[in-house]
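The next block is structure.cif, given as mmCIF, C-alpha atoms.
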data_protein
loop_
_atom_site.label_atom_id
_atom_site.label_comp_id
_atom_site.auth_asym_id
_atom_site.auth_seq_id
_atom_site.Cartn_x
_atom_site.Cartn_y
_atom_site.Cartn_z
CA LYS V 1 88.63 106.70 107.88
CA ALA V 2 91.28 104.58 109.59
CA GLY V 3 94.89 105.22 108.66
CA VAL V 4 97.64 102.77 107.77
CA THR V 5 98.27 100.38 110.63
CA GLN V 6 101.54 98.58 111.21
CA THR V 7 102.13 95.79 113.70
CA PRO V 8 104.01 95.26 115.84
CA ARG V 9 105.33 98.70 116.75
CA TYR V 10 108.55 97.35 118.24
CA LEU V 11 110.54 94.14 117.78
CA ILE V 12 113.80 92.81 119.14
CA LYS V 13 115.33 89.86 117.30
CA THR V 14 118.61 87.99 117.37
CA ARG V 15 121.02 87.74 114.44
CA GLY V 16 120.14 84.85 112.18
CA GLN V 17 116.45 84.84 113.05
CA GLN V 18 113.68 85.84 110.71
CA VAL V 19 110.94 88.40 111.21
CA THR V 20 107.54 89.20 109.71
CA LEU V 21 106.04 92.68 109.79
CA SER V 22 102.42 93.45 108.98
CA CYS V 23 100.71 96.39 107.31
CA SER V 24 96.99 97.11 106.96
CA PRO V 25 96.37 99.79 104.32
CA ILE V 26 93.64 102.38 104.16
CA SER V 27 90.38 100.83 103.02
CA GLY V 28 90.13 100.93 99.24
CA HIS V 29 93.86 101.34 98.66
CA ARG V 30 95.32 98.64 96.46
CA SER V 31 99.00 99.63 96.58
CA VAL V 32 101.27 98.97 99.54
CA SER V 33 104.91 100.03 99.60
CA TRP V 34 107.60 99.31 102.16
CA TYR V 35 110.51 101.53 103.14
CA GLN V 36 113.50 101.12 105.42
CA GLN V 37 114.61 104.16 107.42
CA THR V 38 118.04 104.31 109.03
CA PRO V 39 120.10 107.26 110.31
CA GLY V 40 122.82 106.62 107.77
CA GLN V 41 120.88 105.82 104.60
CA GLY V 42 117.63 107.66 105.28
CA LEU V 43 114.43 106.39 103.71
CA GLN V 44 114.96 103.66 101.12
CA PHE V 45 112.34 101.95 98.98
CA LEU V 46 112.08 98.20 99.48
CA PHE V 47 109.19 97.08 97.27
CA GLU V 48 105.65 97.81 96.21
CA TYR V 49 102.69 95.49 95.88
CA PHE V 50 99.57 96.15 93.87
CA SER V 51 96.65 93.73 93.70
CA GLU V 52 98.73 90.92 95.24
CA THR V 53 101.59 91.33 92.73
CA GLN V 54 104.98 92.81 93.36
CA ARG V 55 105.11 95.76 90.98
CA ASN V 56 108.48 97.24 91.86
CA LYS V 57 111.50 96.39 93.92
CA GLY V 58 114.31 98.47 95.38
CA ASN V 59 117.95 97.55 95.72
CA PHE V 60 117.82 95.17 98.67
CA PRO V 61 119.07 91.57 98.99
CA GLY V 62 116.76 88.61 98.52
CA ARG V 63 116.52 88.18 102.30
CA PHE V 64 113.90 90.90 102.13
CA SER V 65 110.60 89.68 100.72
CA GLY V 66 106.96 90.52 100.93
CA ARG V 67 103.51 89.58 99.90
CA GLN V 68 100.06 91.06 99.63
CA PHE V 69 96.77 89.39 100.34
CA SER V 70 93.46 89.72 98.55
CA ASN V 71 92.26 92.27 101.14
CA SER V 72 95.36 94.39 100.31
CA ARG V 73 96.99 93.73 103.67
CA SER V 74 100.71 93.18 103.26
CA GLU V 75 103.48 91.43 105.10
CA MET V 76 107.20 91.92 104.86
CA ASN V 77 109.66 89.20 105.81
CA VAL V 78 113.35 89.46 106.54
CA SER V 79 115.27 86.20 106.86
CA THR V 80 118.69 85.57 108.39
CA LEU V 81 118.68 88.88 110.20
CA GLU V 82 121.86 90.94 110.36
CA LEU V 83 122.76 93.73 112.77
CA GLY V 84 122.49 96.19 109.88
CA ASP V 85 118.83 95.35 109.42
CA SER V 86 118.05 97.33 112.56
CA ALA V 87 115.84 100.12 111.31
CA LEU V 88 112.40 101.67 111.25
CA TYR V 89 110.30 99.92 108.62
CA LEU V 90 107.56 102.06 107.15
CA CYS V 91 104.59 100.95 105.15
CA ALA V 92 102.67 103.27 102.85
CA SER V 93 99.40 102.74 101.05
CA SER V 94 97.92 104.54 98.07
CA PRO V 95 95.14 104.01 95.56
CA GLY V 96 97.94 102.98 93.22
CA THR V 97 96.59 104.51 90.04
CA VAL V 98 98.58 106.77 87.74
CA ARG V 99 96.26 109.64 88.56
CA ASN V 100 96.42 109.18 92.31
CA THR V 101 99.77 108.26 93.76
CA GLU V 102 99.59 110.03 97.12
CA ALA V 103 101.15 107.76 99.72
CA PHE V 104 99.85 107.56 103.28
CA PHE V 105 102.34 106.24 105.80
CA GLY V 106 101.99 104.10 108.88
CA GLN V 107 103.81 104.82 112.13
CA GLY V 108 106.35 102.13 111.43
CA THR V 109 107.79 99.07 113.08
CA ARG V 110 111.05 99.60 114.95
CA LEU V 111 113.20 96.49 114.48
CA THR V 112 116.27 96.00 116.63
CA VAL V 113 118.62 93.12 115.82
CA VAL V 114 120.97 92.10 118.61
CA ALA C 115 118.88 105.96 88.72
CA GLN C 116 117.13 108.91 90.25
CA ARG C 117 118.51 110.89 93.16
CA VAL C 118 117.18 113.57 95.52
CA THR C 119 119.52 115.91 97.36
CA GLN C 120 118.65 118.09 100.31
CA PRO C 121 121.84 119.99 101.07
CA GLU C 122 120.86 121.20 104.55
CA LYS C 123 120.59 118.69 107.39
CA LEU C 124 119.54 121.43 109.78
CA LEU C 125 117.97 124.82 109.19
CA SER C 126 117.22 127.22 112.02
CA VAL C 127 115.27 130.44 111.49
CA PHE C 128 113.43 132.87 113.70
CA LYS C 129 109.66 133.05 113.88
CA GLY C 130 108.34 135.42 111.23
CA ALA C 131 111.38 135.04 108.98
CA PRO C 132 111.16 133.53 105.50
CA VAL C 133 111.99 129.86 105.08
CA GLU C 134 113.44 128.05 102.08
CA LEU C 135 114.26 124.35 102.16
CA LYS C 136 116.29 123.29 99.17
CA CYS C 137 115.72 120.19 97.08
CA ASN C 138 117.53 119.18 93.91
CA TYR C 139 116.90 116.06 91.92
CA SER C 140 118.36 114.06 89.08
CA TYR C 141 116.09 112.08 86.81
CA SER C 142 116.06 111.78 83.06
CA GLY C 143 112.28 111.76 82.59
CA SER C 144 109.38 113.79 83.98
CA PRO C 145 109.05 112.98 87.66
CA GLU C 146 106.44 113.72 90.25
CA LEU C 147 107.89 115.72 93.13
CA PHE C 148 106.60 115.78 96.69
CA TRP C 149 107.36 117.32 100.05
CA TYR C 150 106.65 115.16 103.09
CA VAL C 151 106.73 116.42 106.67
CA GLN C 152 107.17 114.60 109.96
CA TYR C 153 106.22 116.47 113.13
CA SER C 154 107.55 115.26 116.45
CA ARG C 155 106.10 111.83 117.36
CA GLN C 156 103.82 111.82 114.31
CA ARG C 157 103.87 109.79 111.15
CA LEU C 158 105.26 110.96 107.85
CA GLN C 159 102.60 112.88 105.93
CA LEU C 160 102.31 114.54 102.56
CA LEU C 161 102.68 118.31 102.66
CA LEU C 162 102.35 119.10 98.97
CA ARG C 163 102.96 117.77 95.47
CA HIS C 164 104.06 119.72 92.44
CA ILE C 165 101.16 118.73 90.20
CA SER C 166 98.56 120.22 92.53
CA ARG C 167 100.28 123.62 92.58
CA GLU C 168 98.59 124.59 95.81
CA SER C 169 99.71 126.21 99.05
CA ILE C 170 99.46 124.11 102.20
CA LYS C 171 99.97 125.69 105.64
CA GLY C 172 101.48 128.67 103.83
CA PHE C 173 104.11 126.55 102.06
CA THR C 174 104.61 126.54 98.31
CA ALA C 175 107.04 124.73 96.05
CA ASP C 176 107.71 125.32 92.38
CA LEU C 177 109.20 122.72 90.11
CA ASN C 178 112.07 124.21 88.12
CA LYS C 179 112.93 121.70 85.41
CA GLY C 180 115.84 123.75 84.12
CA GLU C 181 117.56 123.76 87.49
CA THR C 182 116.05 120.38 88.50
CA SER C 183 114.94 121.90 91.78
CA PHE C 184 111.82 121.78 93.91
CA HIS C 185 112.52 124.16 96.78
CA LEU C 186 109.97 124.58 99.58
CA LYS C 187 109.20 128.13 100.67
CA LYS C 188 107.18 129.96 103.26
CA PRO C 189 107.25 133.75 103.64
CA PHE C 190 106.72 133.87 107.42
CA ALA C 191 107.78 130.93 109.57
CA GLN C 192 105.70 129.84 112.55
CA GLU C 193 106.84 127.82 115.57
CA GLU C 194 104.53 124.94 114.59
CA ASP C 195 106.50 124.54 111.36
CA SER C 196 109.35 122.94 113.30
CA ALA C 197 109.66 119.40 111.89
CA MET C 198 111.63 117.11 109.57
CA TYR C 199 110.99 117.82 105.91
CA TYR C 200 111.66 115.29 103.16
CA CYS C 201 111.70 115.93 99.45
CA ALA C 202 110.70 112.90 97.38
CA LEU C 203 110.58 111.92 93.73
CA LYS C 204 108.43 109.38 91.94
CA PRO C 205 109.24 108.52 88.33
CA GLY C 206 106.62 109.49 85.80
CA GLY C 207 103.93 106.92 85.19
CA GLY C 208 103.47 106.14 88.86
CA ALA C 209 104.89 102.67 88.69
CA ASP C 210 107.75 102.96 91.14
CA GLY C 211 108.52 103.76 94.75
CA LEU C 212 109.44 107.12 96.18
CA THR C 213 113.06 108.21 96.25
CA PHE C 214 113.61 110.39 99.29
CA GLY C 215 116.21 112.98 100.17
CA LYS C 216 117.95 112.66 103.53
CA GLY C 217 115.70 115.30 105.04
CA THR C 218 116.09 118.76 106.58
CA HIS C 219 115.38 119.38 110.23
CA LEU C 220 113.69 122.77 110.41
CA ILE C 221 113.77 124.56 113.75
CA ILE C 222 111.79 127.74 114.23
CA GLN C 223 113.10 129.80 117.09
CA PRO C 224 110.72 132.08 119.02
#
Show me this structure written as structure tokens.
Amino acid sequence: KAGVTQTPRYLIKTRGQQVTLSCSPISGHRSVSWYQQTPGQGLQFLFEYFSETQRNKGNFPGRFSGRQFSNSRSEMNVSTLELGDSALYLCASSPGTVRNTEAFFGQGTRLTVV
Amino acid sequence: AQRVTQPEKLLSVFKGAPVELKCNYSYSGSPELFWYVQYSRQRLQLLLRHISRESIKGFTADLNKGETSFHLKKPFAQEEDSAMYYCALKPGGGADGLTFGKGTHLIIQP
């Protein structure tokens, strides 16, 4: 079965621009979570979507937003980009039930803000 | 808020030697604990979770609620174990994201 797919793999943007990242979860998975990975802060939880609703949110500014579609695919948007937003953005999908919370990760999108 | 601490950024051991990667956590409730591994140029993947109590690739981890620890152990290290290892916590109930430690880079020397 196909794994979690993230597009694009690499992005270069200028400060002040906005960016949209895409994540296609494993078929049948209803939960999609997003994480930011940087050398200084490590892996940090951004937000989780389940059945098109944001279920949880990490401690990030409102410039970071997301959404989930009816087919469980998810997008993450960052507006007014800052240099500090340069990071690897990881998406993870899971069935999303209490009994099954195993997260499967994508390969990530490497965002560079210049 | 919950926190996961992995005190070692880098751990180097010889092939055949025992390995222990430390993980301590702080959380007031009953969390789920995980170990994730990332091999070179591969995606992050689940190694094991405390509720399954199984051994994967020779690794085991026991949840010690008294010491709030979830150390990862393997009696005899192999060269293919070289990777980044992340300890992660998910609050009980499943309705929250994973909180990760900063990771330990394990190097197995021949």
Compute the set of chain C residues within 7 Å of chain V, using all atoms listed in the file, and express it as a list of chain:residue names.
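Result, ordered by chain then number: C:Arg157, C:Leu158, C:Gln159, C:Gly207, C:Gly208, C:Asp210, C:Gly211, C:Leu212, C:Thr213, C:Phe214, C:Lys216.
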Neighbour residues at most 10 Å from (111.7, 88.5, 104.9) (only C-alpha atoms) as a list of chain:residue names
V:Gln18, V:Val19, V:Thr20, V:Leu21, V:Pro61, V:Gly62, V:Arg63, V:Phe64, V:Ser65, V:Gly66, V:Arg67, V:Glu75, V:Met76, V:Asn77, V:Val78, V:Ser79, V:Thr80, V:Leu81
Would you kindly translate the PyMOL selection byres ((chain C and resi 140) around 7) into the concrete residues it picks from this file, as a PyMOL selection string?
chain C and resi 116-118+139+141-142+182
Give as a PyMOL selection string each residue that has an atom at most 8 Å from (122.3, 122.5, 98.2) in the file, counting only C-alpha atoms.
chain C and resi 119-122+136-138
Write to file, as a short mmCIF file (atom, residue, chain, number, x, y, z; two decimals), in the coordinates of the input, the residues of the selection just made, with C-alpha atoms.
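Produced file part_19.cif, reproduced below:
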data_model
loop_
_atom_site.label_atom_id
_atom_site.label_comp_id
_atom_site.auth_asym_id
_atom_site.auth_seq_id
_atom_site.Cartn_x
_atom_site.Cartn_y
_atom_site.Cartn_z
CA THR C 119 119.52 115.91 97.36
CA GLN C 120 118.65 118.09 100.31
CA PRO C 121 121.84 119.99 101.07
CA GLU C 122 120.86 121.20 104.55
CA LYS C 136 116.29 123.29 99.17
CA CYS C 137 115.72 120.19 97.08
CA ASN C 138 117.53 119.18 93.91
#
Could you tell me which of V:Ser31, V:Ser74, V:Thr112, V:Phe69 comes closest to Pro95 (chain V) if we count all atoms listed in the file?
V:Ser31
From the list V:Ser22, V:Thr14, V:Asn59, V:Ser70, which residue is nearest Asp85 (chain V) when using only C-alpha atoms?
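Ranking V:Ser22, V:Thr14, V:Asn59, V:Ser70 by distance to Asp85 (chain V), first place goes to V:Thr14.
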So that I can check the surroundings of Ser51 (chain V), please list as a PyMOL selection string every protein, DNA and RNA residue that reaches within 9 Å of it, counting all atoms listed in the file and ignoring chain neighbours fewer than 2 positions away.
chain V and resi 30-31+49+53-54+68-72
Export C-alpha atoms of the chosen residues as a compact mmCIF listing (two decimals), in the frame of the given file?
# COMPACT_ATOMS: atom_id res chain seq x y z
CA ARG V 30 95.32 98.64 96.46
CA SER V 31 99.00 99.63 96.58
CA TYR V 49 102.69 95.49 95.88
CA THR V 53 101.59 91.33 92.73
CA GLN V 54 104.98 92.81 93.36
CA GLN V 68 100.06 91.06 99.63
CA PHE V 69 96.77 89.39 100.34
CA SER V 70 93.46 89.72 98.55
CA ASN V 71 92.26 92.27 101.14
CA SER V 72 95.36 94.39 100.31
Just want the 7 Å neighbourhood of Gly217 (chain C), counted on all atoms listed in the file, with same-chain residues fewer than 4 positions away dropped. Output as a ChimeraX atom specification.
/C:120,123,198-201
Neighbouring residues of Ile222 (chain C) were defined as those with any atom within 10 Å, considering only C-alpha atoms; residues of the same chain fewer than 3 positions away were excluded. Please report them as a short mmCIF file (atom, residue, chain, number, x, y, z; two decimals) with C-alpha atoms, in the coordinates of the input.
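Final output, saved to result_7.cif:
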data_model
loop_
_atom_site.label_atom_id
_atom_site.label_comp_id
_atom_site.auth_asym_id
_atom_site.auth_seq_id
_atom_site.Cartn_x
_atom_site.Cartn_y
_atom_site.Cartn_z
CA LEU C 125 117.97 124.82 109.19
CA SER C 126 117.22 127.22 112.02
CA VAL C 127 115.27 130.44 111.49
CA PHE C 128 113.43 132.87 113.70
CA LYS C 129 109.66 133.05 113.88
CA GLY C 130 108.34 135.42 111.23
CA ALA C 131 111.38 135.04 108.98
CA VAL C 133 111.99 129.86 105.08
CA ALA C 191 107.78 130.93 109.57
CA GLN C 192 105.70 129.84 112.55
CA GLU C 193 106.84 127.82 115.57
CA GLU C 194 104.53 124.94 114.59
CA ASP C 195 106.50 124.54 111.36
CA SER C 196 109.35 122.94 113.30
CA ALA C 197 109.66 119.40 111.89
CA HIS C 219 115.38 119.38 110.23
#
N, CA and C atoms are what I want for region 188-217 of chain C; can you complete it accordingly and write them as a JSON list (two decimals), in the coordinates of the input?
[["chain", "number", "residue", "atom", "x", "y", "z"],
["C", 188, "LYS", "N", 108.27, 129.37, 102.47],
["C", 188, "LYS", "CA", 107.18, 129.96, 103.26],
["C", 188, "LYS", "C", 107.63, 131.36, 103.64],
["C", 189, "PRO", "N", 106.80, 132.36, 103.41],
["C", 189, "PRO", "CA", 107.25, 133.75, 103.64],
["C", 189, "PRO", "C", 107.45, 134.09, 105.12],
["C", 190, "PHE", "N", 106.63, 133.51, 106.01],
["C", 190, "PHE", "CA", 106.72, 133.87, 107.42],
["C", 190, "PHE", "C", 106.64, 132.59, 108.26],
["C", 191, "ALA", "N", 107.74, 132.19, 108.82],
["C", 191, "ALA", "CA", 107.78, 130.93, 109.57],
["C", 191, "ALA", "C", 107.02, 131.04, 110.89],
["C", 192, "GLN", "N", 106.41, 129.92, 111.28],
["C", 192, "GLN", "CA", 105.70, 129.84, 112.55],
["C", 192, "GLN", "C", 106.32, 128.71, 113.37],
["C", 193, "GLU", "N", 106.20, 128.81, 114.70],
["C", 193, "GLU", "CA", 106.84, 127.82, 115.57],
["C", 193, "GLU", "C", 106.35, 126.40, 115.27],
["C", 194, "GLU", "N", 105.07, 126.27, 114.87],
["C", 194, "GLU", "CA", 104.53, 124.94, 114.59],
["C", 194, "GLU", "C", 105.07, 124.33, 113.30],
["C", 195, "ASP", "N", 105.87, 125.09, 112.57],
["C", 195, "ASP", "CA", 106.50, 124.54, 111.36],
["C", 195, "ASP", "C", 107.73, 123.69, 111.68],
["C", 196, "SER", "N", 108.18, 123.74, 112.91],
["C", 196, "SER", "CA", 109.35, 122.94, 113.30],
["C", 196, "SER", "C", 109.05, 121.46, 113.06],
["C", 197, "ALA", "N", 109.91, 120.80, 112.27],
["C", 197, "ALA", "CA", 109.66, 119.40, 111.89],
["C", 197, "ALA", "C", 110.80, 118.94, 110.98],
["C", 198, "MET", "N", 110.74, 117.65, 110.61],
["C", 198, "MET", "CA", 111.63, 117.11, 109.57],
["C", 198, "MET", "C", 110.89, 117.20, 108.25],
["C", 199, "TYR", "N", 111.58, 117.68, 107.23],
["C", 199, "TYR", "CA", 110.99, 117.82, 105.91],
["C", 199, "TYR", "C", 111.77, 116.96, 104.92],
["C", 200, "TYR", "N", 111.04, 116.18, 104.15],
["C", 200, "TYR", "CA", 111.66, 115.29, 103.16],
["C", 200, "TYR", "C", 111.13, 115.63, 101.77],
["C", 201, "CYS", "N", 112.05, 115.79, 100.85],
["C", 201, "CYS", "CA", 111.70, 115.93, 99.45],
["C", 201, "CYS", "C", 111.72, 114.53, 98.82],
["C", 202, "ALA", "N", 110.77, 114.23, 97.96],
["C", 202, "ALA", "CA", 110.70, 112.90, 97.38],
["C", 202, "ALA", "C", 110.33, 112.97, 95.91],
["C", 203, "LEU", "N", 110.81, 111.98, 95.18],
["C", 203, "LEU", "CA", 110.58, 111.92, 93.73],
["C", 203, "LEU", "C", 109.95, 110.58, 93.38],
["C", 204, "LYS", "N", 109.02, 110.60, 92.47],
["C", 204, "LYS", "CA", 108.43, 109.38, 91.94],
["C", 204, "LYS", "C", 108.53, 109.47, 90.42],
["C", 205, "PRO", "N", 109.13, 108.47, 89.78],
["C", 205, "PRO", "CA", 109.24, 108.52, 88.33],
["C", 205, "PRO", "C", 107.89, 108.66, 87.66],
["C", 206, "GLY", "N", 107.86, 109.31, 86.53],
["C", 206, "GLY", "CA", 106.62, 109.49, 85.80],
["C", 206, "GLY", "C", 105.97, 108.17, 85.45],
["C", 207, "GLY", "N", 104.65, 108.15, 85.48],
["C", 207, "GLY", "CA", 103.93, 106.92, 85.19],
["C", 207, "GLY", "C", 103.44, 106.24, 86.46],
["C", 208, "GLY", "N", 103.98, 106.64, 87.59],
["C", 208, "GLY", "CA", 103.47, 106.14, 88.86],
["C", 208, "GLY", "C", 103.91, 104.77, 89.27],
["C", 209, "ALA", "N", 104.61, 104.07, 88.40],
["C", 209, "ALA", "CA", 104.89, 102.67, 88.69],
["C", 209, "ALA", "C", 106.25, 102.46, 89.35],
["C", 210, "ASP", "N", 106.49, 103.15, 90.42],
["C", 210, "ASP", "CA", 107.75, 102.96, 91.14],
["C", 210, "ASP", "C", 107.62, 103.58, 92.52],
["C", 211, "GLY", "N", 108.56, 103.21, 93.41],
["C", 211, "GLY", "CA", 108.52, 103.76, 94.75],
["C", 211, "GLY", "C", 109.05, 105.17, 94.80],
["C", 212, "LEU", "N", 108.92, 105.78, 95.96],
["C", 212, "LEU", "CA", 109.44, 107.12, 96.18],
["C", 212, "LEU", "C", 110.93, 107.07, 96.48],
["C", 213, "THR", "N", 111.65, 108.00, 95.88],
["C", 213, "THR", "CA", 113.06, 108.21, 96.25],
["C", 213, "THR", "C", 113.12, 109.45, 97.11],
["C", 214, "PHE", "N", 113.60, 109.29, 98.34],
["C", 214, "PHE", "CA", 113.61, 110.39, 99.29],
["C", 214, "PHE", "C", 114.99, 111.03, 99.40],
["C", 215, "GLY", "N", 114.99, 112.34, 99.71],
["C", 215, "GLY", "CA", 116.21, 112.98, 100.17],
["C", 215, "GLY", "C", 116.44, 112.61, 101.63],
["C", 216, "LYS", "N", 117.60, 113.03, 102.15],
["C", 216, "LYS", "CA", 117.95, 112.66, 103.53],
["C", 216, "LYS", "C", 117.20, 113.48, 104.57],
["C", 217, "GLY", "N", 116.52, 114.52, 104.13],
["C", 217, "GLY", "CA", 115.70, 115.30, 105.04],
["C", 217, "GLY", "C", 116.41, 116.53, 105.59]]
